[in-house]
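Structure file final16.cif; described as mmCIF, C-alpha atoms.
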```
data_target
#
loop_
_atom_site.group_PDB
_atom_site.id
_atom_site.type_symbol
_atom_site.label_atom_id
_atom_site.label_comp_id
_atom_site.auth_asym_id
_atom_site.auth_seq_id
_atom_site.Cartn_x
_atom_site.Cartn_y
_atom_site.Cartn_z
ATOM 1 C CA MET W 18 158.062 155.666 146.846
ATOM 2 C CA SER W 19 156.124 154.290 143.910
ATOM 3 C CA TYR W 20 156.088 150.518 143.532
ATOM 4 C CA ILE W 21 153.983 150.558 140.408
ATOM 5 C CA SER W 22 153.389 153.459 138.055
ATOM 6 C CA TRP W 23 150.611 153.980 135.558
ATOM 7 C CA THR W 24 151.846 154.239 131.996
ATOM 8 C CA PRO W 25 149.930 154.476 128.718
ATOM 9 C CA ASP W 26 150.782 150.784 128.231
ATOM 10 C CA HIS W 27 148.340 150.018 131.068
ATOM 11 C CA SER W 28 145.418 151.618 129.239
ATOM 12 C CA VAL W 29 142.780 149.086 128.234
ATOM 13 C CA GLY W 30 140.939 151.656 126.137
ATOM 14 C CA VAL W 31 137.819 151.926 128.298
ATOM 15 C CA GLU W 32 137.650 155.133 130.336
ATOM 16 C CA ILE W 33 135.972 153.817 133.505
ATOM 17 C CA VAL W 34 138.297 150.811 133.681
ATOM 18 C CA ASP W 35 141.407 152.941 133.121
ATOM 19 C CA GLN W 36 140.323 155.413 135.802
ATOM 20 C CA GLN W 37 139.719 152.608 138.272
ATOM 21 C CA HIS W 38 143.070 151.022 137.447
ATOM 22 C CA LYS W 39 144.803 154.332 138.165
ATOM 23 C CA GLN W 40 143.040 154.475 141.535
ATOM 24 C CA LEU W 41 143.975 150.840 142.186
ATOM 25 C CA PHE W 42 147.633 151.706 141.526
ATOM 26 C CA THR W 43 147.382 154.548 144.053
ATOM 27 C CA ILE W 44 145.839 152.265 146.684
ATOM 28 C CA LEU W 45 148.346 149.505 145.978
ATOM 29 C CA ASN W 46 151.307 151.900 146.259
ATOM 30 C CA ARG W 47 149.962 153.206 149.577
ATOM 31 C CA PHE W 48 149.402 149.653 150.783
ATOM 32 C CA LEU W 49 152.943 148.587 149.903
ATOM 33 C CA GLU W 50 154.543 151.739 151.301
ATOM 34 C CA ILE W 51 152.799 151.418 154.658
ATOM 35 C CA ALA W 52 153.252 147.644 154.775
ATOM 36 C CA ALA W 53 157.008 148.127 154.321
ATOM 37 C CA HIS W 54 157.123 150.374 157.396
ATOM 38 C CA GLU W 55 154.386 148.858 159.566
ATOM 39 C CA ARG W 56 155.246 145.178 159.403
ATOM 40 C CA GLY W 57 154.570 144.712 163.110
ATOM 41 C CA ASN W 58 151.390 146.790 163.268
ATOM 42 C CA VAL W 59 148.658 144.220 162.596
ATOM 43 C CA GLY W 60 145.864 146.773 163.076
ATOM 44 C CA ASN W 61 147.154 149.121 160.396
ATOM 45 C CA LEU W 62 147.921 146.246 158.035
ATOM 46 C CA SER W 63 144.440 144.813 158.510
ATOM 47 C CA VAL W 64 142.907 148.158 157.507
ATOM 48 C CA LEU W 65 145.173 148.247 154.450
ATOM 49 C CA PHE W 66 144.071 144.773 153.385
ATOM 50 C CA GLU W 67 140.441 145.776 153.867
ATOM 51 C CA ASN W 68 140.858 148.938 151.773
ATOM 52 C CA LEU W 69 142.594 147.062 148.971
ATOM 53 C CA ARG W 70 140.006 144.276 149.019
ATOM 54 C CA ASN W 71 137.069 146.709 149.055
ATOM 55 C CA TYR W 72 138.397 148.670 146.093
ATOM 56 C CA ALA W 73 139.207 145.479 144.188
ATOM 57 C CA ASP W 74 135.627 144.292 144.837
ATOM 58 C CA THR W 75 134.254 147.573 143.482
ATOM 59 C CA HIS W 76 136.509 147.486 140.444
ATOM 60 C CA PHE W 77 135.812 143.827 139.682
ATOM 61 C CA ALA W 78 132.063 144.500 139.933
ATOM 62 C CA THR W 79 132.435 147.282 137.354
ATOM 63 C CA GLU W 80 134.307 144.999 134.981
ATOM 64 C CA ASP W 81 131.758 142.231 135.532
ATOM 65 C CA GLU W 82 128.884 144.572 134.727
ATOM 66 C CA LEU W 83 130.588 145.737 131.528
ATOM 67 C CA MET W 84 131.434 142.190 130.451
ATOM 68 C CA ARG W 85 127.873 140.985 131.056
ATOM 69 C CA ALA W 86 126.286 143.968 129.323
ATOM 70 C CA ARG W 87 128.430 143.521 126.204
ATOM 71 C CA GLY W 88 128.443 139.720 126.143
ATOM 72 C CA TYR W 89 132.191 139.280 126.633
ATOM 73 C CA PRO W 90 132.919 135.661 125.612
ATOM 74 C CA ASN W 91 135.768 135.165 128.130
ATOM 75 C CA ARG W 92 133.819 136.577 131.081
ATOM 76 C CA GLU W 93 133.892 133.393 133.169
ATOM 77 C CA ARG W 94 137.668 132.997 132.863
ATOM 78 C CA HIS W 95 138.162 136.689 133.623
ATOM 79 C CA GLU W 96 135.935 136.487 136.695
ATOM 80 C CA ALA W 97 137.783 133.355 137.836
ATOM 81 C CA GLU W 98 141.032 135.339 137.811
ATOM 82 C CA HIS W 99 139.386 137.990 139.972
ATOM 83 C CA ALA W 100 138.255 135.285 142.411
ATOM 84 C CA ILE W 101 141.782 133.855 142.579
ATOM 85 C CA PHE W 102 143.167 137.305 143.378
ATOM 86 C CA LEU W 103 140.614 137.911 146.139
ATOM 87 C CA ASP W 104 141.213 134.441 147.607
ATOM 88 C CA LYS W 105 144.975 135.016 147.638
ATOM 89 C CA LEU W 106 144.502 138.452 149.199
ATOM 90 C CA SER W 107 142.371 136.874 151.949
ATOM 91 C CA GLU W 108 144.957 134.140 152.429
ATOM 92 C CA LEU W 109 147.701 136.740 152.830
ATOM 93 C CA GLU W 110 145.596 138.709 155.296
ATOM 94 C CA VAL W 111 144.807 135.635 157.408
ATOM 95 C CA GLY W 112 148.474 134.709 157.349
ATOM 96 C CA MET W 113 149.411 138.201 158.499
ATOM 97 C CA LEU W 114 146.840 138.075 161.316
ATOM 98 C CA THR W 115 148.216 134.717 162.479
ATOM 99 C CA GLY W 116 151.816 135.873 162.555
ATOM 100 C CA MET W 117 153.108 135.384 159.016
ATOM 101 C CA ALA W 118 155.604 138.068 158.155
ATOM 102 C CA ILE W 119 154.687 140.533 155.444
ATOM 103 C CA ASP W 120 157.806 139.923 153.424
ATOM 104 C CA GLU W 121 158.789 140.345 149.810
ATOM 105 C CA ARG W 122 156.341 137.628 148.704
ATOM 106 C CA VAL W 123 153.337 139.880 149.346
ATOM 107 C CA PRO W 124 154.402 142.855 147.231
ATOM 108 C CA ALA W 125 155.817 140.513 144.584
ATOM 109 C CA PHE W 126 152.489 138.684 144.272
ATOM 110 C CA LEU W 127 150.423 141.885 144.203
ATOM 111 C CA LEU W 128 152.601 143.666 141.662
ATOM 112 C CA GLN W 129 152.980 140.632 139.406
ATOM 113 C CA TRP W 130 149.264 139.826 139.454
ATOM 114 C CA ILE W 131 148.111 143.397 138.809
ATOM 115 C CA ASN W 132 150.561 143.937 135.959
ATOM 116 C CA LYS W 133 149.877 140.598 134.276
ATOM 117 C CA HIS W 134 146.126 140.876 134.694
ATOM 118 C CA ILE W 135 145.899 144.395 133.293
ATOM 119 C CA LEU W 136 148.424 143.932 130.491
ATOM 120 C CA VAL W 137 146.936 140.636 129.301
ATOM 121 C CA GLU W 138 143.399 139.913 130.480
ATOM 122 C CA ASP W 139 142.088 143.451 130.893
ATOM 123 C CA LYS W 140 143.582 144.592 127.587
ATOM 124 C CA ARG W 141 141.846 141.677 125.870
ATOM 125 C CA MET W 142 138.570 142.598 127.598
ATOM 126 C CA GLY W 143 139.049 146.303 126.798
ATOM 127 C CA ALA W 144 139.580 145.635 123.099
ATOM 128 C CA PHE W 145 136.360 143.620 122.987
ATOM 129 C CA LEU W 146 134.371 146.233 124.931
ATOM 130 C CA ALA W 147 135.675 149.088 122.787
ATOM 131 C CA ALA W 148 134.719 147.181 119.641
ATOM 132 C CA GLN W 149 131.240 146.817 121.103
ATOM 133 C CA GLY W 150 130.955 150.571 121.549
ATOM 134 C CA GLU W 151 131.974 151.014 125.186
ATOM 135 C CA ASP W 152 133.319 154.500 125.989
ATOM 136 C CA ARG W 153 136.875 154.774 124.744
ATOM 137 C CA ALA W 154 139.628 156.218 126.877
ATOM 138 C CA ASP W 155 141.361 159.202 125.307
#
```
What is this structure when it is put down as C-alpha cells?
Amino acid sequence: MSYISWTPDHSVGVEIVDQQHKQLFTILNRFLEIAAHERGNVGNLSVLFENLRNYADTHFATEDELMRARGYPNRERHEAEHAIFLDKLSELEVGMLTGMAIDERVPAFLLQWINKHILVEDKRMGAFLAAQGEDRAD
C-alpha cells in the first residue's frame, strides 16, 4: 500500500533534493505500512522511527548546506520547520515507547507535514536555488 506517492507536483526543481524526497517517500510509506501492522511491536516501531529520523537528518543537512551555500534568505525559517518536524517525531517516538498507541494521528501528522513542507517551503527554496544556478531536476 502506498500512503504517499511522488508526483511531478512534488518536484522542487533541484535534482539532489528531488531524489532525496523520493527516497523519503519510500521510507515514509514503509514506516506507515509496518506501523499499521506492528502497532504492538515496540522494537520494530522504534527501529522505524530511528530510520525515518536518520534519513530526515541526512536530507535536512543537504538542504541546509544548499541554502547556506546559495544564501537562501528564508533559511532560518526553513530550518526551524525542520526542527519542529524532528521534535514532533521524537515526541511521537517517546509516546510510543511509553505506551501511546500509534493511531491515525501519527500517519496524519507525517503525511500532512511532508506534503505541506515540500509543496510550499521546499518549492520556494528550490525556485531560489535554481535561480542561483543549482543543478536543475529534469
Any chance you could work out the residue set of the PyMOL selection byres ((chain W and resi 147-150) around 9) here, as a PyMOL selection string?
chain W and resi 29-31+87+142-146+151-153
Report as a PyMOL selection string the residues that result from applying the PyMOL selection byres ((chain W and resi 109) around 12) to the structure here.
chain W and resi 62-63+65-67+70+102-108+110-120+122-124+126-127
Given the PyMOL selection byres ((chain W and resi 34) around 12) and the file above, list the residues it selects as a VMD selection string.
chain W and resid 27 to 33 35 to 41 73 75 to 84 135 139 to 140 142 to 144 146 to 147 151 to 154
Exercise on segment 127-137 of chain W, axis-aligned box with 3 Å per side, report centre and edge lengths in Å to one decimal, as lines of an AutoDock Vina configuration file:
```
center_x = 149.4
center_y = 142.1
center_z = 136.8
size_x = 13.1
size_y = 10.6
size_z = 20.9
```
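Residue nearest Glu93 of chain W within the list W:Glu138, W:Asn46, W:Tyr72, W:Tyr20: W:Glu138 [criterion: smallest interatomic distance, all atoms listed in the file].
Of the residues listed (W:Tyr89, W:Val64, W:Leu45, W:Glu98), W:Glu98 shows the shortest atom-to-atom separation from Lys133 of chain W; distances use all atoms listed in the file.
Atom CA of Asn132 of chain W lies 18.9 Å from atom CA of Arg92 of chain W.
The spacing separating atom CA of Gln129 of chain W from atom CA of Ala53 of chain W amounts to 17.2 Å.
With atom CA of Pro90 of chain W on one side and atom CA of His134 of chain W on the other, the separation reads 16.9 Å.
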Please output segment 109-142 of chain W, rebuilt to include N, CA and C atoms, as a PDB file, in the coordinates of the input.
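Ended up saving to selection34.pdb:
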```
ATOM      1  N   LEU W 109     146.600 135.925 152.320  1.00  0.00           N
ATOM      2  CA  LEU W 109     147.701 136.740 152.830  1.00  0.00           C
ATOM      3  C   LEU W 109     147.292 137.487 154.095  1.00  0.00           C
ATOM      4  N   GLU W 110     146.065 137.993 154.113  1.00  0.00           N
ATOM      5  CA  GLU W 110     145.596 138.709 155.296  1.00  0.00           C
ATOM      6  C   GLU W 110     145.491 137.778 156.500  1.00  0.00           C
ATOM      7  N   VAL W 111     144.915 136.604 156.311  1.00  0.00           N
ATOM      8  CA  VAL W 111     144.807 135.635 157.408  1.00  0.00           C
ATOM      9  C   VAL W 111     146.195 135.252 157.894  1.00  0.00           C
ATOM     10  N   GLY W 112     147.105 135.028 156.970  1.00  0.00           N
ATOM     11  CA  GLY W 112     148.474 134.709 157.349  1.00  0.00           C
ATOM     12  C   GLY W 112     149.102 135.810 158.173  1.00  0.00           C
ATOM     13  N   MET W 113     148.872 137.064 157.761  1.00  0.00           N
ATOM     14  CA  MET W 113     149.411 138.201 158.499  1.00  0.00           C
ATOM     15  C   MET W 113     148.802 138.258 159.905  1.00  0.00           C
ATOM     16  N   LEU W 114     147.512 138.011 160.013  1.00  0.00           N
ATOM     17  CA  LEU W 114     146.840 138.075 161.316  1.00  0.00           C
ATOM     18  C   LEU W 114     147.267 136.937 162.242  1.00  0.00           C
ATOM     19  N   THR W 115     147.772 135.848 161.661  1.00  0.00           N
ATOM     20  CA  THR W 115     148.216 134.717 162.479  1.00  0.00           C
ATOM     21  C   THR W 115     149.730 134.668 162.628  1.00  0.00           C
ATOM     22  N   GLY W 116     150.395 135.761 162.276  1.00  0.00           N
ATOM     23  CA  GLY W 116     151.816 135.873 162.555  1.00  0.00           C
ATOM     24  C   GLY W 116     152.753 135.738 161.377  1.00  0.00           C
ATOM     25  N   MET W 117     152.230 135.471 160.180  1.00  0.00           N
ATOM     26  CA  MET W 117     153.108 135.384 159.016  1.00  0.00           C
ATOM     27  C   MET W 117     153.705 136.765 158.735  1.00  0.00           C
ATOM     28  N   ALA W 118     154.958 136.796 158.461  1.00  0.00           N
ATOM     29  CA  ALA W 118     155.604 138.068 158.155  1.00  0.00           C
ATOM     30  C   ALA W 118     155.134 138.586 156.800  1.00  0.00           C
ATOM     31  N   ILE W 119     154.954 139.889 156.731  1.00  0.00           N
ATOM     32  CA  ILE W 119     154.687 140.533 155.444  1.00  0.00           C
ATOM     33  C   ILE W 119     156.059 140.767 154.827  1.00  0.00           C
ATOM     34  N   ASP W 120     156.479 139.825 154.024  1.00  0.00           N
ATOM     35  CA  ASP W 120     157.806 139.923 153.424  1.00  0.00           C
ATOM     36  C   ASP W 120     157.688 140.220 151.939  1.00  0.00           C
ATOM     37  N   GLU W 121     158.760 139.988 151.226  1.00  0.00           N
ATOM     38  CA  GLU W 121     158.789 140.345 149.810  1.00  0.00           C
ATOM     39  C   GLU W 121     157.808 139.541 148.956  1.00  0.00           C
ATOM     40  N   ARG W 122     157.302 138.417 149.474  1.00  0.00           N
ATOM     41  CA  ARG W 122     156.341 137.628 148.704  1.00  0.00           C
ATOM     42  C   ARG W 122     155.030 138.379 148.477  1.00  0.00           C
ATOM     43  N   VAL W 123     154.612 139.167 149.466  1.00  0.00           N
ATOM     44  CA  VAL W 123     153.337 139.880 149.346  1.00  0.00           C
ATOM     45  C   VAL W 123     153.401 140.942 148.250  1.00  0.00           C
ATOM     46  N   PRO W 124     154.351 141.886 148.319  1.00  0.00           N
ATOM     47  CA  PRO W 124     154.402 142.855 147.231  1.00  0.00           C
ATOM     48  C   PRO W 124     154.682 142.209 145.879  1.00  0.00           C
ATOM     49  N   ALA W 125     155.512 141.176 145.848  1.00  0.00           N
ATOM     50  CA  ALA W 125     155.817 140.513 144.584  1.00  0.00           C
ATOM     51  C   ALA W 125     154.546 139.931 143.969  1.00  0.00           C
ATOM     52  N   PHE W 126     153.738 139.251 144.783  1.00  0.00           N
ATOM     53  CA  PHE W 126     152.489 138.684 144.272  1.00  0.00           C
ATOM     54  C   PHE W 126     151.568 139.786 143.765  1.00  0.00           C
ATOM     55  N   LEU W 127     151.358 140.820 144.576  1.00  0.00           N
ATOM     56  CA  LEU W 127     150.423 141.885 144.203  1.00  0.00           C
ATOM     57  C   LEU W 127     150.857 142.585 142.922  1.00  0.00           C
ATOM     58  N   LEU W 128     152.111 142.949 142.838  1.00  0.00           N
ATOM     59  CA  LEU W 128     152.601 143.666 141.662  1.00  0.00           C
ATOM     60  C   LEU W 128     152.572 142.784 140.416  1.00  0.00           C
ATOM     61  N   GLN W 129     152.978 141.529 140.550  1.00  0.00           N
ATOM     62  CA  GLN W 129     152.980 140.632 139.406  1.00  0.00           C
ATOM     63  C   GLN W 129     151.552 140.379 138.930  1.00  0.00           C
ATOM     64  N   TRP W 130     150.636 140.130 139.852  1.00  0.00           N
ATOM     65  CA  TRP W 130     149.264 139.826 139.454  1.00  0.00           C
ATOM     66  C   TRP W 130     148.619 141.026 138.771  1.00  0.00           C
ATOM     67  N   ILE W 131     148.745 142.200 139.376  1.00  0.00           N
ATOM     68  CA  ILE W 131     148.111 143.397 138.809  1.00  0.00           C
ATOM     69  C   ILE W 131     148.660 143.671 137.406  1.00  0.00           C
ATOM     70  N   ASN W 132     149.963 143.666 137.267  1.00  0.00           N
ATOM     71  CA  ASN W 132     150.561 143.937 135.959  1.00  0.00           C
ATOM     72  C   ASN W 132     150.123 142.919 134.916  1.00  0.00           C
ATOM     73  N   LYS W 133     150.237 141.638 135.237  1.00  0.00           N
ATOM     74  CA  LYS W 133     149.877 140.598 134.276  1.00  0.00           C
ATOM     75  C   LYS W 133     148.393 140.691 133.946  1.00  0.00           C
ATOM     76  N   HIS W 134     147.569 140.856 134.931  1.00  0.00           N
ATOM     77  CA  HIS W 134     146.126 140.876 134.694  1.00  0.00           C
ATOM     78  C   HIS W 134     145.736 142.057 133.801  1.00  0.00           C
ATOM     79  N   ILE W 135     146.248 143.220 134.101  1.00  0.00           N
ATOM     80  CA  ILE W 135     145.899 144.395 133.293  1.00  0.00           C
ATOM     81  C   ILE W 135     146.474 144.279 131.891  1.00  0.00           C
ATOM     82  N   LEU W 136     147.756 143.931 131.785  1.00  0.00           N
ATOM     83  CA  LEU W 136     148.424 143.932 130.491  1.00  0.00           C
ATOM     84  C   LEU W 136     147.983 142.795 129.571  1.00  0.00           C
ATOM     85  N   VAL W 137     147.387 141.757 130.137  1.00  0.00           N
ATOM     86  CA  VAL W 137     146.936 140.636 129.301  1.00  0.00           C
ATOM     87  C   VAL W 137     145.411 140.552 129.303  1.00  0.00           C
ATOM     88  N   GLU W 138     144.843 140.181 130.430  1.00  0.00           N
ATOM     89  CA  GLU W 138     143.399 139.913 130.480  1.00  0.00           C
ATOM     90  C   GLU W 138     142.555 141.171 130.296  1.00  0.00           C
ATOM     91  N   ASP W 139     142.901 142.240 131.005  1.00  0.00           N
ATOM     92  CA  ASP W 139     142.088 143.451 130.893  1.00  0.00           C
ATOM     93  C   ASP W 139     142.240 144.110 129.525  1.00  0.00           C
ATOM     94  N   LYS W 140     143.420 144.041 128.943  1.00  0.00           N
ATOM     95  CA  LYS W 140     143.582 144.592 127.587  1.00  0.00           C
ATOM     96  C   LYS W 140     142.717 143.814 126.592  1.00  0.00           C
ATOM     97  N   ARG W 141     142.680 142.509 126.740  1.00  0.00           N
ATOM     98  CA  ARG W 141     141.846 141.677 125.870  1.00  0.00           C
ATOM     99  C   ARG W 141     140.368 142.057 126.051  1.00  0.00           C
ATOM    100  N   MET W 142     139.942 142.197 127.308  1.00  0.00           N
ATOM    101  CA  MET W 142     138.570 142.598 127.598  1.00  0.00           C
ATOM    102  C   MET W 142     138.295 144.001 127.050  1.00  0.00           C
TER     103      MET W 142
END
```
